[in-house]
Amino acid sequence: WEVLRPLGDRDFLRLWFANGLWWQVMWIEILVFGWLALSLTNSAWWVSLIGFFRFGPLLPLGVFGTTITDRFSRRSLVIWLQLSNAISIGTLAVLLTAGLLEYWHLAVVAALTGSGWALDWPTRRALIPDLVGRERVVDAMLLENFVQSLGRMSGPLGGGALLALMGTQATLILLATVGLVATVILC
């Protein structure tokens, strides 16, 4: 039960819970963006490009991300990155609701959220030792990997169910809302 000890730290518990929500949002977002691209273009090629726009920033920003993120407060940066991703997804929901959504909007938001994630991942990881101390880093990372893996498994399944039950517009609104809730948890 020692592995659960980091959950006794209030700040880590908040980060861990917010991370669990955010991992869900990420995996559902990937599915929804692909579905939207297919709905807008009816082309597998354009769907794959959304994936490229979403994951393309990981390589260049991932390599230099810590150089960028070490210049700011880690907690504040995670909050701002999470907030910007939630707002980006919310913007897609507004455009879809207004009947104005075009493929290029989706591509831009995919690149923005991908860039946010490329900076967010190393920042969240670097924040963990700040919260729990060096002696509990391994336990905290195990707990973090648990919620990450849970999101990776349940996110696509939940995303498909949400799309089928609620539709694309409501799913985007829900994703933006959950992203905002996760941001508030961190504040």
# chains A, B, ... in the order shown; residues from 1 in each chain; ligands from 1
>>> residues_around(residues="range 126-130 of chain A", least_positions_apart="2", cutoff="10 Å", atoms="only C-alpha atoms", output="compact mmCIF listing (two decimals) with N, CA and C atoms, in the first residue's frame")
# COMPACT_ATOMS: atom_id res chain seq x y z
N PRO A 6 1.66 8.81 -2.08
CA PRO A 6 1.61 10.15 -2.67
C PRO A 6 0.20 10.74 -2.74
N ASP A 11 -1.84 18.38 -2.96
CA ASP A 11 -1.51 18.94 -4.28
C ASP A 11 -1.29 17.84 -5.32
N PHE A 12 -0.62 16.76 -4.92
CA PHE A 12 -0.45 15.66 -5.87
C PHE A 12 -1.79 15.01 -6.20
N LEU A 15 -3.45 17.08 -8.77
CA LEU A 15 -2.80 16.89 -10.06
C LEU A 15 -3.18 15.54 -10.65
N TRP A 16 -3.16 14.51 -9.82
CA TRP A 16 -3.45 13.15 -10.28
C TRP A 16 -4.88 13.03 -10.80
N THR A 66 11.46 21.13 -22.68
CA THR A 66 11.93 21.44 -21.34
C THR A 66 12.70 22.76 -21.31
N THR A 69 9.75 25.14 -21.12
CA THR A 69 8.93 25.05 -19.92
C THR A 69 9.68 25.36 -18.63
N ASP A 70 11.00 25.15 -18.60
CA ASP A 70 11.76 25.43 -17.39
C ASP A 70 11.85 26.92 -17.08
N SER A 73 6.75 28.86 -14.20
CA SER A 73 6.24 28.06 -13.08
C SER A 73 5.53 26.84 -13.68
N ARG A 74 5.94 25.66 -13.27
CA ARG A 74 5.36 24.44 -13.85
C ARG A 74 3.85 24.37 -13.63
N ARG A 75 3.42 24.64 -12.43
CA ARG A 75 1.99 24.56 -12.13
C ARG A 75 1.20 25.55 -12.99
N VAL A 78 1.07 24.36 -16.66
CA VAL A 78 0.11 23.27 -16.86
C VAL A 78 -1.31 23.83 -16.89
N ASP A 120 2.94 20.19 -22.42
CA ASP A 120 2.26 19.79 -21.19
C ASP A 120 2.87 18.52 -20.58
N TRP A 121 3.12 17.52 -21.42
CA TRP A 121 3.61 16.24 -20.89
C TRP A 121 4.88 16.38 -20.06
N PRO A 122 5.94 16.99 -20.59
CA PRO A 122 7.15 17.09 -19.76
C PRO A 122 6.95 17.98 -18.53
N THR A 123 6.09 18.97 -18.64
CA THR A 123 5.85 19.87 -17.52
C THR A 123 5.13 19.13 -16.40
N ARG A 124 4.13 18.33 -16.74
CA ARG A 124 3.43 17.54 -15.72
C ARG A 124 4.39 16.57 -15.04
N VAL A 132 5.80 15.72 -4.52
CA VAL A 132 5.91 14.58 -3.61
C VAL A 132 7.31 14.38 -3.05
N GLY A 133 8.29 15.06 -3.59
CA GLY A 133 9.67 14.87 -3.14
C GLY A 133 10.31 13.68 -3.85
N ARG A 134 11.62 13.65 -3.81
CA ARG A 134 12.37 12.61 -4.53
C ARG A 134 12.07 11.20 -4.02
N GLU A 135 11.82 11.08 -2.72
CA GLU A 135 11.62 9.74 -2.15
C GLU A 135 10.32 9.08 -2.60
N ARG A 136 9.38 9.83 -3.11
CA ARG A 136 8.09 9.28 -3.54
C ARG A 136 7.85 9.40 -5.04
N VAL A 137 8.87 9.79 -5.80
CA VAL A 137 8.70 9.99 -7.24
C VAL A 137 8.28 8.71 -7.95
N VAL A 138 8.91 7.60 -7.62
CA VAL A 138 8.58 6.34 -8.31
C VAL A 138 7.13 5.95 -8.04
N ALA A 140 4.66 7.95 -7.20
CA ALA A 140 3.80 8.93 -7.87
C ALA A 140 3.75 8.67 -9.38
N MET A 141 4.86 8.32 -9.99
CA MET A 141 4.88 8.03 -11.43
C MET A 141 4.09 6.76 -11.74
N GLU A 144 0.56 7.88 -11.71
CA GLU A 144 0.31 8.66 -12.93
C GLU A 144 0.19 7.74 -14.14
>>> residues_around(residues="Tyr103 in chain A", least_positions_apart="4", cutoff="9 Å", atoms="only C-alpha atoms", output="compact mmCIF listing (two decimals) with C-alpha atoms, in the first residue's frame")
# COMPACT_ATOMS: atom_id res chain seq x y z
CA LEU A 36 -15.09 15.31 -37.63
CA ALA A 37 -12.45 15.18 -40.37
CA LEU A 40 -16.25 17.09 -43.28
CA THR A 41 -14.21 15.49 -46.09
CA TRP A 46 -7.69 14.20 -44.69
CA ALA A 107 -6.45 21.33 -38.58
CA VAL A 108 -5.47 24.51 -36.72
>>> residues_around(residues="range 159-175 of chain A", least_positions_apart="5", cutoff="6 Å", atoms="only C-alpha atoms", output="PyMOL selection string")
chain A and resi 25+28+93
>>> atom_distance(atom1="CA of Ala176 in chain A", atom2="CA of Ser149 in chain A")
21.3 Å
